[in-house]
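**Q** What follows is the file upload36.txt, containing compact mmCIF, C-alpha atoms:
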# COMPACT_ATOMS: atom_id res chain seq x y z
CA MET A 1 36.68 -74.02 -237.08
CA SER A 2 32.96 -74.64 -237.29
CA ASN A 3 31.04 -77.57 -235.89
CA ASN A 4 27.32 -78.29 -235.83
CA VAL A 5 27.49 -78.99 -232.11
CA SER A 6 28.51 -75.39 -231.50
CA LYS A 7 25.27 -74.16 -233.06
CA LEU A 8 23.18 -76.34 -230.77
CA ILE A 9 25.08 -75.18 -227.71
CA SER A 10 25.05 -71.56 -228.84
CA ASN A 11 21.29 -71.70 -229.28
CA ALA A 12 20.96 -73.10 -225.79
CA LEU A 13 23.14 -70.34 -224.40
CA ALA A 14 21.05 -67.75 -226.22
CA LEU A 15 17.97 -69.01 -224.40
CA THR A 16 19.60 -67.97 -221.15
CA SER A 17 21.33 -64.90 -222.50
CA ASN A 18 20.69 -62.76 -219.45
CA ALA A 19 21.90 -65.30 -216.94
CA SER A 20 25.54 -64.25 -217.05
CA PHE A 21 24.87 -60.67 -216.04
CA VAL A 22 23.44 -61.42 -212.62
CA PRO A 23 25.78 -59.76 -210.11
CA GLN A 24 27.72 -62.37 -208.19
CA SER A 25 30.24 -62.44 -205.38
CA TYR A 26 33.68 -63.96 -205.00
CA LYS A 27 35.17 -65.98 -202.21
CA HIS A 28 38.90 -66.44 -201.60
CA GLY A 29 39.66 -65.15 -205.08
CA PHE A 30 37.40 -67.63 -206.93
CA PRO A 31 33.92 -67.33 -208.45
CA SER A 32 31.18 -68.44 -206.08
CA TRP A 33 30.01 -71.23 -208.38
CA LEU A 34 33.17 -73.11 -207.48
CA LYS A 35 32.33 -75.51 -204.65
CA SER A 36 34.38 -75.07 -201.50
CA GLY A 37 35.76 -78.60 -201.82
CA ASP A 38 37.01 -77.90 -205.34
CA ARG A 39 38.53 -74.61 -204.25
CA LYS A 40 40.48 -76.43 -201.56
CA LEU A 41 41.66 -78.97 -204.13
CA LEU A 42 42.99 -76.19 -206.34
CA GLN A 43 44.62 -74.40 -203.41
CA SER A 44 46.16 -77.57 -201.98
CA SER A 45 49.76 -78.18 -203.04
CA SER A 46 49.08 -81.90 -203.19
CA PRO A 47 45.39 -82.87 -203.26
CA THR A 48 44.81 -86.50 -202.37
CA PRO A 49 44.30 -88.33 -205.67
CA ASN A 50 41.85 -91.11 -206.37
CA LEU A 51 44.29 -92.47 -208.92
CA LEU A 52 47.96 -91.92 -209.73
CA VAL A 53 49.32 -91.98 -213.27
CA ALA A 54 53.06 -92.50 -213.70
CA ARG A 55 55.07 -93.53 -216.71
CA ASP A 56 57.62 -95.22 -214.44
CA ARG A 57 55.02 -97.72 -213.16
CA SER A 58 54.99 -96.16 -209.68
CA GLY A 59 51.28 -95.36 -209.89
CA ASN A 60 47.96 -97.09 -210.57
CA HIS A 61 48.23 -96.57 -214.33
CA ARG A 62 50.88 -95.72 -216.93
CA THR A 63 48.56 -93.71 -219.19
CA ILE A 64 45.99 -91.01 -218.51
CA LYS A 65 43.49 -92.83 -220.74
CA GLU A 66 43.63 -95.89 -218.49
CA ALA A 67 42.90 -93.71 -215.47
CA LEU A 68 39.99 -92.00 -217.25
CA ASP A 69 38.59 -95.41 -218.22
CA ALA A 70 38.76 -96.42 -214.57
CA ALA A 71 37.11 -93.17 -213.51
CA SER A 72 34.24 -93.82 -215.90
CA LYS A 73 33.40 -96.97 -213.93
CA ARG A 74 33.24 -95.21 -210.56
CA SER A 75 30.01 -94.97 -208.64
CA GLY A 76 28.68 -91.48 -208.12
CA LYS A 77 29.56 -88.22 -209.83
CA GLY A 78 31.61 -86.50 -207.14
CA ARG A 79 34.99 -84.88 -207.70
CA PHE A 80 37.50 -87.48 -208.93
CA VAL A 81 41.17 -86.49 -208.75
CA ILE A 82 43.76 -88.04 -211.06
CA ARG A 83 47.34 -87.07 -210.36
CA VAL A 84 49.60 -87.22 -213.39
CA LYS A 85 53.27 -87.41 -212.43
CA SER A 86 56.06 -85.73 -214.39
CA GLY A 87 56.54 -86.99 -217.90
CA ILE A 88 55.57 -86.55 -221.53
CA TYR A 89 52.31 -88.39 -222.25
CA GLN A 90 51.73 -88.93 -225.95
CA GLU A 91 47.98 -89.35 -225.85
CA ASN A 92 44.89 -87.97 -227.53
CA LEU A 93 42.22 -87.83 -224.86
CA GLU A 94 38.44 -87.42 -225.01
CA ILE A 95 36.85 -86.63 -221.65
CA GLY A 96 33.21 -87.01 -222.60
CA ASN A 97 29.88 -85.90 -221.18
CA LYS A 98 29.61 -88.88 -218.85
CA LEU A 99 32.95 -88.10 -217.21
CA LYS A 100 31.85 -85.29 -214.92
CA ASN A 101 33.89 -83.58 -212.21
CA ILE A 102 37.25 -84.94 -213.30
CA MET A 103 40.33 -83.14 -212.00
CA LEU A 104 43.76 -83.70 -213.56
CA VAL A 105 46.63 -82.55 -211.36
CA GLY A 106 50.10 -82.45 -212.88
CA ASP A 107 53.52 -81.82 -211.36
CA GLY A 108 53.66 -78.38 -212.94
CA LEU A 109 53.24 -77.14 -216.50
CA ARG A 110 56.93 -77.64 -217.26
CA ASN A 111 56.91 -81.21 -215.97
CA THR A 112 53.60 -82.87 -216.90
CA ILE A 113 52.94 -82.58 -220.62
CA ILE A 114 50.19 -84.16 -222.71
CA THR A 115 51.12 -84.07 -226.37
CA GLY A 116 49.59 -84.95 -229.72
CA SER A 117 50.07 -83.93 -233.34
CA ARG A 118 46.72 -84.14 -235.13
CA SER A 119 46.09 -81.34 -237.62
CA VAL A 120 44.00 -80.23 -240.55
CA GLY A 121 47.14 -80.54 -242.65
CA ASP A 122 47.20 -84.26 -241.92
CA GLY A 123 43.51 -84.80 -242.62
CA SER A 124 41.84 -84.08 -239.28
CA THR A 125 39.13 -81.48 -238.75
CA THR A 126 39.91 -78.56 -236.47
CA PHE A 127 37.37 -79.91 -233.97
CA ASP A 128 38.91 -83.39 -233.93
CA SER A 129 42.54 -82.25 -233.96
CA ALA A 130 42.58 -81.51 -230.22
CA THR A 131 45.22 -83.30 -228.17
CA VAL A 132 42.76 -83.18 -225.27
CA ALA A 133 39.02 -82.60 -225.74
CA VAL A 134 36.75 -82.25 -222.74
CA THR A 135 32.98 -81.91 -222.58
CA GLY A 136 32.25 -83.49 -219.19
CA GLU A 137 30.88 -80.85 -216.83
CA GLY A 138 33.04 -79.47 -214.04
CA PHE A 139 36.45 -80.39 -215.44
CA ILE A 140 39.50 -78.96 -213.65
CA ALA A 141 43.15 -79.09 -214.71
CA ARG A 142 46.09 -77.82 -212.71
CA GLY A 143 49.81 -77.82 -213.45
CA ILE A 144 49.67 -79.48 -216.88
CA THR A 145 50.72 -78.43 -220.38
CA PHE A 146 48.52 -79.38 -223.33
CA HIS A 147 50.64 -79.47 -226.49
CA ASN A 148 50.01 -79.93 -230.18
CA THR A 149 53.31 -80.50 -231.96
CA ALA A 150 51.97 -80.43 -235.55
CA GLY A 151 53.75 -77.16 -236.32
CA PRO A 152 52.70 -74.10 -238.33
CA GLN A 153 52.85 -75.80 -241.73
CA LYS A 154 50.01 -78.14 -240.68
CA HIS A 155 47.62 -75.19 -240.16
CA GLN A 156 44.80 -75.73 -237.64
CA ALA A 157 46.04 -77.95 -234.82
CA VAL A 158 44.30 -77.69 -231.43
CA ALA A 159 46.09 -78.39 -228.14
CA LEU A 160 42.95 -78.27 -225.97
CA ARG A 161 39.25 -78.03 -226.79
CA SER A 162 36.84 -77.40 -223.93
CA GLY A 163 33.08 -77.61 -224.13
CA SER A 164 32.94 -78.40 -220.41
CA ASP A 165 30.55 -76.20 -218.48
CA LEU A 166 32.12 -74.75 -215.33
CA SER A 167 35.60 -75.84 -216.38
CA VAL A 168 38.71 -74.40 -214.75
CA PHE A 169 42.36 -74.39 -215.87
CA TYR A 170 44.89 -73.22 -213.29
CA ARG A 171 48.59 -72.74 -214.00
CA CYS A 172 48.34 -74.75 -217.19
CA GLY A 173 50.14 -74.36 -220.49
CA PHE A 174 48.68 -74.49 -224.01
CA GLU A 175 51.21 -74.76 -226.82
CA GLY A 176 50.59 -74.79 -230.55
CA TYR A 177 50.54 -72.49 -233.55
CA GLN A 178 47.21 -71.98 -235.36
CA ASP A 179 44.10 -72.59 -233.22
CA THR A 180 45.93 -73.62 -230.04
CA LEU A 181 43.15 -73.14 -227.49
CA TYR A 182 39.59 -73.93 -228.60
CA VAL A 183 37.27 -72.38 -226.00
CA HIS A 184 34.41 -74.09 -227.74
CA SER A 185 31.35 -73.51 -225.56
CA GLN A 186 29.90 -73.16 -222.04
CA ARG A 187 31.38 -71.30 -219.05
CA GLN A 188 35.15 -71.50 -218.58
CA PHE A 189 37.87 -69.88 -216.47
CA TYR A 190 41.63 -69.79 -217.04
CA LYS A 191 43.93 -68.52 -214.29
CA GLU A 192 47.70 -67.94 -214.46
CA CYS A 193 48.00 -69.95 -217.66
CA TYR A 194 50.54 -69.71 -220.48
CA ILE A 195 49.13 -69.74 -224.02
CA TYR A 196 51.30 -69.86 -227.15
CA GLY A 197 50.26 -69.58 -230.78
CA THR A 198 50.08 -67.67 -234.04
CA VAL A 199 46.81 -67.54 -236.00
CA ASP A 200 43.52 -67.31 -234.07
CA PHE A 201 45.15 -69.12 -231.19
CA ILE A 202 42.39 -68.46 -228.65
CA PHE A 203 39.10 -69.08 -230.43
CA GLY A 204 35.58 -70.42 -230.01
CA ASN A 205 32.21 -69.44 -228.60
CA ALA A 206 32.41 -70.09 -224.88
CA ALA A 207 31.67 -67.58 -222.15
CA VAL A 208 35.25 -67.46 -220.94
CA VAL A 209 37.49 -65.29 -218.80
CA LEU A 210 41.27 -65.59 -218.94
CA GLN A 211 42.73 -63.91 -215.88
CA ASN A 212 46.40 -63.21 -215.08
CA CYS A 213 47.51 -65.24 -218.09
CA MET A 214 50.69 -64.97 -220.15
CA ILE A 215 49.74 -64.88 -223.83
CA TYR A 216 52.63 -65.35 -226.23
CA ALA A 217 52.54 -64.83 -229.99
CA ARG A 218 55.12 -66.97 -231.80
CA ARG A 219 56.85 -66.53 -235.11
CA PRO A 220 54.30 -67.59 -237.77
CA MET A 221 54.95 -68.82 -241.28
CA ASP A 222 56.20 -66.28 -243.80
CA GLN A 223 53.42 -63.97 -245.05
CA GLN A 224 51.23 -64.82 -242.04
CA LYS A 225 49.92 -62.45 -239.40
CA ASN A 226 49.29 -63.33 -235.76
CA MET A 227 45.79 -62.98 -234.33
CA VAL A 228 45.42 -63.64 -230.62
CA THR A 229 41.65 -64.25 -230.71
CA ALA A 230 38.88 -65.28 -233.10
CA GLN A 231 35.62 -65.28 -231.18
CA GLY A 232 32.66 -67.12 -232.68
CA ARG A 233 29.39 -65.60 -231.43
CA THR A 234 26.69 -66.17 -234.06
CA ASP A 235 23.70 -64.54 -232.33
CA PRO A 236 23.56 -61.20 -230.48
CA ASN A 237 21.54 -62.87 -227.70
CA GLN A 238 24.28 -65.35 -226.83
CA ASN A 239 26.02 -64.49 -223.56
CA THR A 240 29.38 -65.64 -224.92
CA GLY A 241 32.68 -63.92 -225.48
CA ILE A 242 36.41 -64.00 -224.78
CA ILE A 243 37.44 -61.76 -221.88
CA ILE A 244 41.14 -61.26 -221.20
CA HIS A 245 41.69 -59.60 -217.83
CA GLY A 246 44.86 -58.59 -216.02
CA SER A 247 47.04 -60.55 -218.41
CA ARG A 248 50.06 -59.94 -220.64
CA VAL A 249 50.36 -60.16 -224.45
CA MET A 250 53.97 -60.62 -225.48
CA ALA A 251 56.27 -62.06 -228.14
CA THR A 252 58.22 -65.28 -227.80
CA ALA A 253 61.99 -65.30 -228.23
CA ASP A 254 61.69 -66.43 -231.86
CA LEU A 255 59.28 -63.59 -232.74
CA SER A 256 60.92 -60.72 -230.85
CA PRO A 257 63.90 -60.22 -233.23
CA VAL A 258 61.65 -60.13 -236.32
CA LEU A 259 58.71 -58.03 -235.10
CA SER A 260 59.07 -55.73 -238.09
CA SER A 261 58.32 -58.64 -240.43
CA PHE A 262 55.16 -59.97 -238.75
CA LYS A 263 52.11 -58.08 -237.57
CA THR A 264 50.21 -59.18 -234.47
CA PHE A 265 46.59 -58.23 -233.72
CA LEU A 266 44.38 -58.69 -230.68
CA GLY A 267 41.71 -60.47 -232.72
CA ARG A 268 39.48 -60.71 -235.74
CA PRO A 269 35.76 -61.48 -236.11
CA TRP A 270 35.34 -65.16 -236.92
CA LYS A 271 31.53 -64.88 -236.72
CA GLU A 272 29.04 -62.07 -237.20
CA TYR A 273 28.60 -61.10 -233.55
CA SER A 274 32.13 -61.82 -232.38
CA ARG A 275 32.77 -60.39 -228.88
CA THR A 276 36.16 -59.93 -227.24
CA VAL A 277 37.30 -57.58 -224.48
CA PHE A 278 40.82 -56.89 -223.19
CA MET A 279 40.81 -55.31 -219.73
CA LYS A 280 43.71 -54.06 -217.62
CA THR A 281 46.09 -56.13 -219.73
CA TYR A 282 49.68 -55.35 -220.66
CA LEU A 283 50.05 -55.06 -224.44
CA ASP A 284 53.67 -55.23 -225.50
CA SER A 285 55.07 -53.57 -228.63
CA LEU A 286 54.29 -56.54 -230.88
CA VAL A 287 50.60 -55.51 -231.07
CA ASP A 288 49.87 -53.45 -234.19
CA PRO A 289 48.60 -49.89 -233.49
CA ALA A 290 45.34 -50.75 -235.32
CA GLY A 291 44.75 -53.39 -232.66
CA TRP A 292 42.26 -55.48 -234.61
CA LEU A 293 42.09 -57.07 -238.06
CA GLU A 294 39.30 -57.71 -240.57
CA TRP A 295 38.27 -61.31 -241.23
CA ASP A 296 37.06 -60.75 -244.78
CA GLY A 297 36.36 -57.28 -246.09
CA ASP A 298 33.73 -55.54 -244.00
CA PHE A 299 32.27 -58.76 -242.55
CA ALA A 300 31.08 -58.26 -238.95
CA LEU A 301 32.81 -54.90 -238.51
CA ASN A 302 29.52 -53.28 -237.51
CA THR A 303 28.01 -56.19 -235.58
CA SER A 304 30.97 -57.44 -233.55
CA PHE A 305 31.90 -56.05 -230.14
CA TYR A 306 35.60 -55.40 -229.52
CA GLY A 307 36.35 -53.51 -226.34
CA GLU A 308 39.42 -52.32 -224.48
CA TYR A 309 39.46 -51.06 -220.90
CA GLN A 310 42.45 -49.55 -219.09
CA ASN A 311 45.11 -51.63 -220.81
CA ILE A 312 48.75 -50.71 -220.27
CA GLY A 313 52.03 -51.13 -222.10
CA PRO A 314 53.60 -49.88 -225.35
CA ALA A 315 50.65 -50.96 -227.52
CA ALA A 316 47.88 -49.82 -225.16
CA PRO A 317 47.25 -46.34 -226.67
CA THR A 318 44.05 -46.45 -228.72
CA SER A 319 44.40 -43.34 -230.90
CA ARG A 320 45.36 -45.38 -233.97
CA ARG A 321 42.90 -48.22 -233.42
CA VAL A 322 40.42 -49.37 -236.08
CA LYS A 323 37.42 -47.10 -236.64
CA TRP A 324 34.83 -49.87 -236.91
CA LYS A 325 31.36 -49.39 -235.47
CA GLY A 326 31.93 -52.60 -233.50
CA TYR A 327 35.07 -51.32 -231.75
CA ARG A 328 34.94 -49.25 -228.59
CA VAL A 329 37.22 -47.94 -225.90
CA ILE A 330 35.41 -48.67 -222.67
CA THR A 331 35.74 -45.75 -220.25
CA SER A 332 33.06 -46.63 -217.72
CA ALA A 333 33.79 -49.05 -214.88
CA THR A 334 30.10 -49.87 -214.87
CA GLU A 335 30.26 -51.05 -218.48
CA ALA A 336 33.56 -52.85 -217.94
CA SER A 337 32.15 -54.68 -214.93
CA LYS A 338 29.78 -56.56 -217.23
CA PHE A 339 32.81 -58.52 -218.39
CA THR A 340 34.24 -59.51 -215.02
CA VAL A 341 34.37 -63.04 -213.66
CA ALA A 342 31.50 -62.27 -211.30
CA ASN A 343 29.16 -60.96 -213.97
CA PHE A 344 30.19 -62.47 -217.28
CA ILE A 345 30.49 -66.10 -216.17
CA ALA A 346 28.61 -65.83 -212.84
CA GLY A 347 31.88 -66.99 -211.34
CA THR A 348 31.06 -66.39 -207.72
CA SER A 349 28.36 -69.05 -207.89
CA TRP A 350 30.72 -71.86 -208.92
CA LEU A 351 34.44 -70.99 -208.84
CA PRO A 352 34.89 -71.04 -205.05
CA ASN A 353 34.30 -74.78 -205.16
CA ALA A 354 37.27 -75.30 -207.47
CA GLY A 355 39.71 -73.90 -204.95
CA ILE A 356 41.73 -71.57 -207.16
CA PRO A 357 42.18 -67.84 -206.60
CA PHE A 358 40.28 -65.40 -208.78
CA THR A 359 39.42 -61.72 -208.90
CA PRO A 360 35.64 -61.29 -209.10
CA GLY A 361 35.62 -57.66 -210.17
CA LEU A 362 37.80 -55.24 -212.08
Take the structure from the file and write it as structure tokens.
**A**
Amino acid sequence: MSNNVSKLISNALALTSNASFVPQSYKHGFPSWLKSGDRKLLQSSSPTPNLLVARDRSGNHRTIKEALDAASKRSGKGRFVIRVKSGIYQENLEIGNKLKNIMLVGDGLRNTIITGSRSVGDGSTTFDSATVAVTGEGFIARGITFHNTAGPQKHQAVALRSGSDLSVFYRCGFEGYQDTLYVHSQRQFYKECYIYGTVDFIFGNAAVVLQNCMIYARRPMDQQKNMVTAQGRTDPNQNTGIIIHGSRVMATADLSPVLSSFKTFLGRPWKEYSRTVFMKTYLDSLVDPAGWLEWDGDFALNTSFYGEYQNIGPAAPTSRRVKWKGYRVITSATEASKFTVANFIAGTSWLPNAGIPFTPGL
């Protein structure tokens, strides 16, 4: 799961490690960094597209790649909306640094699906296995599912990798098994999304908040355990982490009947200063009472930061949780507020522009 680029970006984030804890405000349920125009686009049921992609030839292009190629030739860097009509698009897409402020709008996560099947098992790297990879700043996706169909036997197989600063995913789906959602780097926000996977299926070293999301563990391969997160902070000064707020952690229909055969944990420390917090989230009975799992022996158990704040559900009680130095039950709203959208990703300074609802505080 490592990549040299992540070290460069992590070092850059460490230089501004205090930036994310500046108190911010929210507007219309979105962080303030979201421009008002982008917020309206996210709130609009049918934002006016610059280009229309349709497999049935009713649009400007038949593939998303063609539309992105056209967008790369546009003048200016303003918001560029590409509507992707219903259909299954078998494409591997790279939305690079020069493609800023791209917005992909689907016809709903059940209808507009981008799918690929690259995997480590078939010779790819984890980094390059992504069905969609985005690094261009200000990327927004709404109403789309990102799917990697490689299957559990192919091991690491990423559906979406984001290194896009100020990226937003609203009512999107992410489907895979191991390493489904690669929150690689920079500031990111996921709202009302559905995420499916098995091993380390939300992982990376972004500063990211997932709010009001449905997180589903699937049936893994025999002898495997499920880990929802594997956060990759390598330096205690980095202002990165995975924050899961007001969400639900549940089992899919194929896992539910066999819960006694497969353990599921909230996360494990991929890197030495791994940081993950679950806040006000419903933890269903699939989550093991220990809550968290070692990566390798005692690696990072004292230096990681794993917090839980006011979770609910059958697996929310913390009396049987791990006893690591790096684990803590957060009881103070003041401490918990450090991990809100407003404070952790300075959301009120940029999310209002994206036009999607968000909760700035606890």
**Q** Would you mind telling me which residue in A:Gln223, A:Ser72, A:Gln211, A:Thr334 lies nearest to Met279 (chain A) when using only C-alpha atoms?
**A**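 Distance minimum relative to Met279 (chain A) lands on A:Gln211.
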**Q** Pick out the closest residue to Lys154 (chain A) from this set: A:Asp128, A:Met221, A:Phe139, A:Cys213. Count only C-alpha atoms.
**A**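 Result for the nearest residue to Lys154 (chain A): A:Met221.
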**Q** Need to verify the contact set: Gly204 (chain A), 10 Å, only C-alpha atoms, exclusion of same-chain residues closer than 5 positions in sequence. Can you return it as a list in words?
**A** Met1, Ser2, Ser6, Arg161, Ser162, Gly163, Asp179, Leu181, Tyr182, Val183, His184, Ser185, Thr229, Ala230, Gln231, Gly232, Arg233, Thr240, Gly241, Ile242, Trp270, Lys271 and Ser274 of chain A
**Q** Could you tell me how far CA of Pro314 (chain A) lies from CA of Pro289 (chain A), in Å and to one decimal?
**A**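 CA of Pro289 (chain A) lies at a distance of 9.6 Å from CA of Pro314 (chain A).
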**Q** From the set A:Leu259, A:Ala130, A:Ile345, A:Val84, which residue has the shortest atom-to-atom contact distance to Ala150 (chain A), counting all atoms listed in the file?
**A**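 Of the candidates, the smallest distance to Ala150 (chain A) is held by A:Ala130.
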**Q** I'd like the interatomic distance between CA of Glu308 (chain A) and CA of Val329 (chain A), to a tenth of an Å.
**A**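 Pair CA of Glu308 (chain A) / CA of Val329 (chain A) returns 5.1 Å.
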**Q** With all heavy atoms retained, output region 333-342 of chain A as a PDB file, in the first residue's frame.
**A**
ATOM      1  N   ALA A 333     -16.207  16.370  24.920  1.00  0.00           N
ATOM      2  CA  ALA A 333     -16.657  16.955  23.657  1.00  0.00           C
ATOM      3  C   ALA A 333     -15.592  17.891  23.094  1.00  0.00           C
ATOM      4  O   ALA A 333     -15.449  18.014  21.872  1.00  0.00           O
ATOM      5  CB  ALA A 333     -17.972  17.708  23.860  1.00  0.00           C
ATOM      6  N   THR A 334     -14.837  18.513  23.970  1.00  0.00           N
ATOM      7  CA  THR A 334     -13.774  19.408  23.518  1.00  0.00           C
ATOM      8  C   THR A 334     -12.718  18.631  22.744  1.00  0.00           C
ATOM      9  O   THR A 334     -12.272  19.058  21.668  1.00  0.00           O
ATOM     10  CB  THR A 334     -13.122  20.110  24.719  1.00  0.00           C
ATOM     11  OG1 THR A 334     -14.130  20.830  25.429  1.00  0.00           O
ATOM     12  CG2 THR A 334     -12.034  21.059  24.255  1.00  0.00           C
ATOM     13  N   GLU A 335     -12.332  17.461  23.273  1.00  0.00           N
ATOM     14  CA  GLU A 335     -11.355  16.643  22.554  1.00  0.00           C
ATOM     15  C   GLU A 335     -11.952  16.094  21.265  1.00  0.00           C
ATOM     16  O   GLU A 335     -11.313  16.122  20.213  1.00  0.00           O
ATOM     17  CB  GLU A 335     -10.869  15.488  23.426  1.00  0.00           C
ATOM     18  CG  GLU A 335      -9.821  14.634  22.719  1.00  0.00           C
ATOM     19  CD  GLU A 335      -9.315  13.477  23.560  1.00  0.00           C
ATOM     20  OE1 GLU A 335      -9.752  13.332  24.719  1.00  0.00           O
ATOM     21  OE2 GLU A 335      -8.473  12.721  23.044  1.00  0.00           O
ATOM     22  N   ALA A 336     -13.190  15.621  21.348  1.00  0.00           N
ATOM     23  CA  ALA A 336     -13.826  15.050  20.156  1.00  0.00           C
ATOM     24  C   ALA A 336     -13.975  16.091  19.053  1.00  0.00           C
ATOM     25  O   ALA A 336     -13.886  15.772  17.855  1.00  0.00           O
ATOM     26  CB  ALA A 336     -15.189  14.465  20.521  1.00  0.00           C
ATOM     27  N   SER A 337     -14.172  17.340  19.432  1.00  0.00           N
ATOM     28  CA  SER A 337     -14.404  18.384  18.432  1.00  0.00           C
ATOM     29  C   SER A 337     -13.182  18.631  17.554  1.00  0.00           C
ATOM     30  O   SER A 337     -13.301  19.217  16.472  1.00  0.00           O
ATOM     31  CB  SER A 337     -14.840  19.688  19.105  1.00  0.00           C
ATOM     32  OG  SER A 337     -13.774  20.232  19.858  1.00  0.00           O
ATOM     33  N   LYS A 338     -12.013  18.180  18.009  1.00  0.00           N
ATOM     34  CA  LYS A 338     -10.824  18.304  17.160  1.00  0.00           C
ATOM     35  C   LYS A 338     -10.971  17.504  15.867  1.00  0.00           C
ATOM     36  O   LYS A 338     -10.293  17.793  14.876  1.00  0.00           O
ATOM     37  CB  LYS A 338      -9.581  17.795  17.903  1.00  0.00           C
ATOM     38  CG  LYS A 338      -9.153  18.626  19.094  1.00  0.00           C
ATOM     39  CD  LYS A 338      -7.931  17.990  19.746  1.00  0.00           C
ATOM     40  CE  LYS A 338      -7.469  18.778  20.957  1.00  0.00           C
ATOM     41  NZ  LYS A 338      -6.287  18.118  21.595  1.00  0.00           N
ATOM     42  N   PHE A 339     -11.862  16.513  15.885  1.00  0.00           N
ATOM     43  CA  PHE A 339     -11.974  15.597  14.758  1.00  0.00           C
ATOM     44  C   PHE A 339     -13.232  15.832  13.925  1.00  0.00           C
ATOM     45  O   PHE A 339     -13.617  14.993  13.123  1.00  0.00           O
ATOM     46  CB  PHE A 339     -11.923  14.156  15.273  1.00  0.00           C
ATOM     47  CG  PHE A 339     -10.688  13.881  16.087  1.00  0.00           C
ATOM     48  CD1 PHE A 339     -10.755  13.742  17.462  1.00  0.00           C
ATOM     49  CD2 PHE A 339      -9.447  13.801  15.473  1.00  0.00           C
ATOM     50  CE1 PHE A 339      -9.605  13.517  18.218  1.00  0.00           C
ATOM     51  CE2 PHE A 339      -8.300  13.578  16.215  1.00  0.00           C
ATOM     52  CZ  PHE A 339      -8.368  13.436  17.584  1.00  0.00           C
ATOM     53  N   THR A 340     -13.850  16.979  14.110  1.00  0.00           N
ATOM     54  CA  THR A 340     -15.033  17.311  13.319  1.00  0.00           C
ATOM     55  C   THR A 340     -14.629  17.855  11.947  1.00  0.00           C
ATOM     56  O   THR A 340     -13.476  18.190  11.695  1.00  0.00           O
ATOM     57  CB  THR A 340     -15.875  18.373  14.033  1.00  0.00           C
ATOM     58  OG1 THR A 340     -15.064  19.551  14.223  1.00  0.00           O
ATOM     59  CG2 THR A 340     -16.380  17.858  15.379  1.00  0.00           C
ATOM     60  N   VAL A 341     -15.623  17.960  11.076  1.00  0.00           N
ATOM     61  CA  VAL A 341     -15.383  18.509   9.739  1.00  0.00           C
ATOM     62  C   VAL A 341     -14.819  19.924   9.844  1.00  0.00           C
ATOM     63  O   VAL A 341     -13.912  20.311   9.106  1.00  0.00           O
ATOM     64  CB  VAL A 341     -16.680  18.497   8.906  1.00  0.00           C
ATOM     65  CG1 VAL A 341     -16.507  19.284   7.609  1.00  0.00           C
ATOM     66  CG2 VAL A 341     -17.084  17.067   8.585  1.00  0.00           C
ATOM     67  N   ALA A 342     -15.363  20.716  10.759  1.00  0.00           N
ATOM     68  CA  ALA A 342     -14.919  22.103  10.876  1.00  0.00           C
ATOM     69  C   ALA A 342     -13.448  22.191  11.261  1.00  0.00           C
ATOM     70  O   ALA A 342     -12.690  22.980  10.709  1.00  0.00           O
ATOM     71  CB  ALA A 342     -15.760  22.847  11.904  1.00  0.00           C
TER      72      ALA A 342
END
